[in-house]
Amino acid sequence: TSQAIANQLSMLAKSHQILCITHQPIIAAVADVHFHVSKQQSENSLEVCVEKLDRILREKVIAKMLAGEENEGSLQLAKEMLLR
């Protein structure tokens with residue numbers, strides 16, 4: 001199912017701007033640009049950070065999505081997924 005959604009989003013993105021929030025590496029891998037969103041909460045405030053990822057960070061984030069951690073196998077698979 002995730003692959004079918006990724007294919008549809010990829011086709012739709014050729015003529016439309018798509019903003020997609022996902023935890024699915026298959027879907028994330030078809031994106032042209034990746035952002036990492038994180039938040040830090042203290043007692044009195046909430047800070048949200050948005051960071052545009054370069055190629056290396058994209059690989060690392062997708063590797064973590066695949067395996068829960070960054071290791072040699074997940075990094076290799078992430079690199080292959082991003083080449084497609």
# chains A, B, ... in the order shown; residues from 1 in each chain; ligands from 1

$ residues_around --residues "range 32-48 of chain A" --least-positions-apart "5" --cutoff "9 Å" --atoms "only C-alpha atoms" --output "list of chain:residue names"
A:Leu53, A:Asp54, A:Arg58, A:Val61

$ select_by_dssp --residues "chain A" --states "helix (DSSP H, G or I)" --output "PyMOL selection string"
chain A and resi 2-12+25-28+55-67+72-83

$ residues_around --residues "range 26-29 of chain A" --least-positions-apart "6" --cutoff "8 Å" --atoms "only C-alpha atoms" --output "ChimeraX atom specification"
/A:2-3,5-6,62,78,81-82

$ residues_around --residues "Met11 in chain A" --least-positions-apart "6" --cutoff "12 Å" --atoms "only C-alpha atoms" --output "PDB file with C-alpha atoms, in the first residue's frame"
ATOM      1  CA  ALA A   4       1.195   2.538  -4.322  1.00  0.00           C
ATOM      2  CA  ILE A   5       0.734   5.774  -2.387  1.00  0.00           C
ATOM      3  CA  GLN A  17       3.049  21.091  -5.061  1.00  0.00           C
ATOM      4  CA  ILE A  18       2.726  18.382  -2.401  1.00  0.00           C
ATOM      5  CA  VAL A  30      10.118   9.747  -3.431  1.00  0.00           C
ATOM      6  CA  ALA A  31      10.258  13.358  -2.214  1.00  0.00           C
TER       7      ALA A  31
END

$ select_by_dssp --residues "chain A" --states "strand (DSSP E)" --output "MDAnalysis selection string"
chainID A and resid 35:41 46:52

$ atom_distance --atom1 "CA of Gln8 in chain A" --atom2 "CA of Leu75 in chain A"
25.1 Å

$ atom_distance --atom1 "CA of Leu66 in chain A" --atom2 "CA of His23 in chain A"
9.4 Å

$ closest_residue --among "A:Gln24, A:Ala63, A:Arg55, A:Glu69" --to "Thr1 in chain A" --atoms "only C-alpha atoms"
A:Gln24
